[in-house]
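Taking it in order: structure first as structure tokens, then the write-up.
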Amino acid sequence: FWKYQLMDSFVAKVLSCLGVPKALTDASEPGTIIKVSVESASTFPSILLGGSDATSQAEVSMWLSFAIKNFIDLEKGGLQLLSEAMKNLDSVLLTKSYFVGHKYTVADAAIYNYLAGAQIENIITFTNVARWFDNIQHIFRKFDKNLELKSFPKKTNLISCFQFTPSTTSSASATNAVTSDTKDKVVV
């Protein structure tokens with residue numbers, strides 16, 4: 001019974017992030033309930049479900065299943081599994097702003113609600129996840145004014161991890177090359 005209540009709460013939170021009411025359906029699987037609700041109530045259901053591309057739709061389904069499974073594990077106290085999941089999510093988000101395509105989808109809403117149960121310290125450890133999480137929580141806040149935003153510590157600067165710091169050996173080599181006798185040569 002607790003698992004049903006837990007999943008019902010998860011479904012409600014995912015749909016709330018998207019501004020979509022829960023549809024009346026005979027389905028009992030959370031992923032199906034979410035998809036049916038989006039299809040019946042959303043202005044742009046195809047975008048939220050991955051567009052018309054079958055591969056993108058499959059990716060949305062995969063991430064939705066991932067979020068549901070890991071949400072249950074986290075609720076059972078699976079912090080070790082959270083760390084492994086965060087590593088995987090961080091590598092996926094290395095070159096992406098959203099999990100599927102170039103706009104948020106049901107996949108982002110589901111993963112957001114999975115991670116919303118994690119401590120902020122667990123999120124900020126993974127730079128790409130933290131960047132995505134902070135962005136997506138503000139997008140979803142537009143649909144759900146009651147959404148509680150996680151505060152990132154002031155010392156966390158998500159941009160600082162992208163700043164380039166040359167190594168000391170490179171700097172020394174460049175200095176030596178410039179100061180050597182290169183009157184008519186251009187040093188690159």
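Chain labels A, B, ... are given in the sequence in which chains occur in the structure tokens; within each chain residues are numbered consecutively from 1, and ligands are likewise numbered from 1 in the order shown.
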Test item: residues at most 8 Å from region 89-102 of chain A, only C-alpha atoms, excluding those fewer than 4 positions along its chain, as a tab-separated table (two decimals) with C-alpha atoms, in the first residue's frame:
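So the final result, stored in result10.tsv, reads:
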```tsv
chain	number	residue	atom	x	y	z
A	50	GLY	CA	9.72	13.51	-27.03
A	56	SER	CA	13.24	10.54	-28.68
A	59	GLU	CA	14.41	8.00	-24.61
A	60	VAL	CA	11.65	9.79	-22.69
A	63	TRP	CA	14.28	8.16	-18.45
A	85	ALA	CA	22.77	7.36	-10.53
A	107	ALA	CA	11.87	12.89	-18.62
A	108	ASP	CA	13.20	16.09	-17.03
A	126	PHE	CA	27.91	16.77	-9.57
A	127	THR	CA	28.40	19.99	-11.54
A	128	ASN	CA	26.32	19.09	-14.60
A	129	VAL	CA	23.45	17.76	-12.53
A	132	TRP	CA	20.54	21.23	-14.91
```
>> Based on the backbone DSSP call, show me all residues of region 32-82 of chain A assigned alpha helix (DSSP H), as number ranges by chain.
In response: A: 32-41, 45-48, 54-75, 79-82
> Could you name the residues that touch region 25-39 of chain A at 8 Å or less, counting only C-alpha atoms, but leaving out those on the same chain fewer than 4 positions away, as JSON, numbers by chain?
Replying inline: {"A": [7, 8, 11, 14, 15, 20, 21, 45, 46, 48, 49, 61, 64, 65, 68]}
How about saving the chosen residues, all heavy atoms kept, as a short mmCIF file (atom, residue, chain, number, x, y, z; two decimals), in the first residue's frame?
```
data_model
loop_
_atom_site.label_atom_id
_atom_site.label_comp_id
_atom_site.auth_asym_id
_atom_site.auth_seq_id
_atom_site.Cartn_x
_atom_site.Cartn_y
_atom_site.Cartn_z
N MET A 7 4.02 6.16 -5.24
CA MET A 7 3.98 6.37 -6.68
C MET A 7 2.91 7.38 -7.07
O MET A 7 3.11 8.19 -7.97
CB MET A 7 3.72 5.05 -7.42
CG MET A 7 4.94 4.16 -7.50
SD MET A 7 6.27 4.88 -8.52
CE MET A 7 7.26 5.74 -7.35
N ASP A 8 1.79 7.36 -6.37
CA ASP A 8 0.73 8.34 -6.64
C ASP A 8 1.25 9.75 -6.36
O ASP A 8 1.01 10.68 -7.13
CB ASP A 8 -0.50 8.03 -5.80
CG ASP A 8 -1.72 8.76 -6.29
OD1 ASP A 8 -1.97 8.74 -7.52
OD2 ASP A 8 -2.43 9.37 -5.46
N VAL A 11 3.71 10.68 -9.22
CA VAL A 11 2.97 11.03 -10.43
C VAL A 11 2.40 12.44 -10.30
O VAL A 11 2.52 13.26 -11.21
CB VAL A 11 1.85 10.01 -10.72
CG1 VAL A 11 0.88 10.51 -11.77
CG2 VAL A 11 2.45 8.67 -11.14
N VAL A 14 5.21 15.06 -10.66
CA VAL A 14 5.68 15.18 -12.04
C VAL A 14 4.68 15.99 -12.86
O VAL A 14 5.06 16.92 -13.57
CB VAL A 14 5.94 13.80 -12.68
CG1 VAL A 14 6.17 13.92 -14.18
CG2 VAL A 14 7.12 13.10 -12.00
N LEU A 15 3.41 15.65 -12.75
CA LEU A 15 2.38 16.35 -13.52
C LEU A 15 2.25 17.80 -13.09
O LEU A 15 2.04 18.70 -13.92
CB LEU A 15 1.04 15.62 -13.41
CG LEU A 15 1.01 14.23 -14.06
CD1 LEU A 15 -0.32 13.54 -13.78
CD2 LEU A 15 1.29 14.31 -15.55
N VAL A 20 0.02 19.94 -15.62
CA VAL A 20 -0.93 19.00 -16.23
C VAL A 20 -1.69 18.27 -15.12
O VAL A 20 -1.08 17.68 -14.23
CB VAL A 20 -0.18 17.96 -17.10
CG1 VAL A 20 -1.11 16.89 -17.61
CG2 VAL A 20 0.53 18.66 -18.25
N PRO A 21 -3.04 18.30 -15.17
CA PRO A 21 -3.81 17.53 -14.16
C PRO A 21 -3.75 16.04 -14.46
O PRO A 21 -3.55 15.63 -15.61
CB PRO A 21 -5.23 18.07 -14.32
CG PRO A 21 -5.30 18.60 -15.71
CD PRO A 21 -3.90 19.05 -16.07
N PRO A 45 1.53 18.09 -26.13
CA PRO A 45 1.88 16.76 -25.62
C PRO A 45 3.03 16.10 -26.38
O PRO A 45 3.85 15.43 -25.77
CB PRO A 45 0.60 15.95 -25.76
CG PRO A 45 -0.17 16.65 -26.82
CD PRO A 45 0.19 18.10 -26.70
N SER A 46 3.12 16.31 -27.69
CA SER A 46 4.18 15.62 -28.43
C SER A 46 5.56 16.10 -28.01
O SER A 46 6.50 15.32 -27.91
CB SER A 46 3.99 15.78 -29.94
OG SER A 46 4.18 17.11 -30.32
N LEU A 48 6.40 17.33 -25.01
CA LEU A 48 6.66 16.81 -23.66
C LEU A 48 6.97 15.32 -23.66
O LEU A 48 7.66 14.82 -22.78
CB LEU A 48 5.48 17.10 -22.73
CG LEU A 48 5.27 18.56 -22.38
CD1 LEU A 48 3.98 18.72 -21.57
CD2 LEU A 48 6.45 19.13 -21.62
N LEU A 49 6.47 14.62 -24.66
CA LEU A 49 6.69 13.18 -24.73
C LEU A 49 7.82 12.80 -25.68
O LEU A 49 8.05 11.64 -25.95
CB LEU A 49 5.40 12.46 -25.12
CG LEU A 49 4.28 12.57 -24.08
CD1 LEU A 49 2.99 11.98 -24.63
CD2 LEU A 49 4.67 11.92 -22.77
N SER A 61 10.67 7.57 -22.47
CA SER A 61 10.17 6.39 -21.73
C SER A 61 11.27 5.78 -20.87
O SER A 61 11.02 5.40 -19.72
CB SER A 61 9.63 5.34 -22.69
OG SER A 61 8.48 5.82 -23.33
N LEU A 64 11.92 8.06 -17.90
CA LEU A 64 10.78 8.00 -17.00
C LEU A 64 10.86 6.73 -16.15
O LEU A 64 10.70 6.78 -14.92
CB LEU A 64 9.49 8.03 -17.82
CG LEU A 64 8.17 8.16 -17.10
CD1 LEU A 64 8.15 9.37 -16.18
CD2 LEU A 64 7.03 8.26 -18.12
N SER A 65 11.16 5.61 -16.77
CA SER A 65 11.33 4.35 -16.02
C SER A 65 12.49 4.44 -15.05
O SER A 65 12.40 3.98 -13.91
CB SER A 65 11.56 3.19 -16.98
OG SER A 65 10.45 2.99 -17.79
N ILE A 68 11.40 6.55 -12.01
CA ILE A 68 10.45 5.84 -11.14
C ILE A 68 11.17 4.78 -10.32
O ILE A 68 11.00 4.71 -9.10
CB ILE A 68 9.32 5.22 -11.99
CG1 ILE A 68 8.45 6.34 -12.57
CG2 ILE A 68 8.49 4.24 -11.17
CD1 ILE A 68 7.51 5.89 -13.67
#
```
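Ranking A:Ala130, A:Val106, A:Ile120, A:Ile72 by their shortest atom-to-atom distance to Ser9 (chain A), with only C-alpha atoms included, puts A:Ile72 first.
Shortest atom-to-atom contact with Lys142 (chain A) among A:Cys17, A:Lys87, A:Leu74, A:Ala12: A:Cys17, counting only C-alpha atoms.
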>> What does the structure give for the distance between CA of Tyr104 (chain A) and CA of Gln80 (chain A), in Å to one decimal?
In response: 27.3 Å
> How far is it from CA of Gln5 (chain A) to CA of Asn70 (chain A), in Å with one decimal?
Replying inline: 15.9 Å
>> Would you pick out the contacts of Gly117 (chain A) at 10 Å or less, using only C-alpha atoms, so that residues sharing its chain but fewer than 4 positions from it are not included, and give the list as a list of chain:residue names?
In response: A:Phe71, A:Leu74, A:Glu75, A:Tyr112, A:Asn113
Save the residues we just selected, N, CA, C and O atoms, as a short mmCIF file (atom, residue, chain, number, x, y, z; two decimals), in the first residue's frame?
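Written file, part.cif:
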```cif
data_model
loop_
_atom_site.label_atom_id
_atom_site.label_comp_id
_atom_site.auth_asym_id
_atom_site.auth_seq_id
_atom_site.Cartn_x
_atom_site.Cartn_y
_atom_site.Cartn_z
N PHE A 71 13.49 6.47 -7.78
CA PHE A 71 12.71 7.16 -6.75
C PHE A 71 12.34 6.19 -5.65
O PHE A 71 12.48 6.48 -4.46
N LEU A 74 15.45 5.31 -3.64
CA LEU A 74 15.86 6.41 -2.77
C LEU A 74 14.96 6.46 -1.54
O LEU A 74 15.43 6.67 -0.42
N GLU A 75 13.67 6.24 -1.73
CA GLU A 75 12.74 6.25 -0.60
C GLU A 75 13.02 5.10 0.37
O GLU A 75 12.74 5.21 1.55
N TYR A 112 13.75 15.27 -12.21
CA TYR A 112 13.76 16.37 -11.23
C TYR A 112 13.08 15.91 -9.94
O TYR A 112 13.61 16.13 -8.85
N ASN A 113 11.92 15.28 -10.05
CA ASN A 113 11.21 14.86 -8.85
C ASN A 113 11.90 13.71 -8.12
O ASN A 113 11.78 13.58 -6.92
#
```
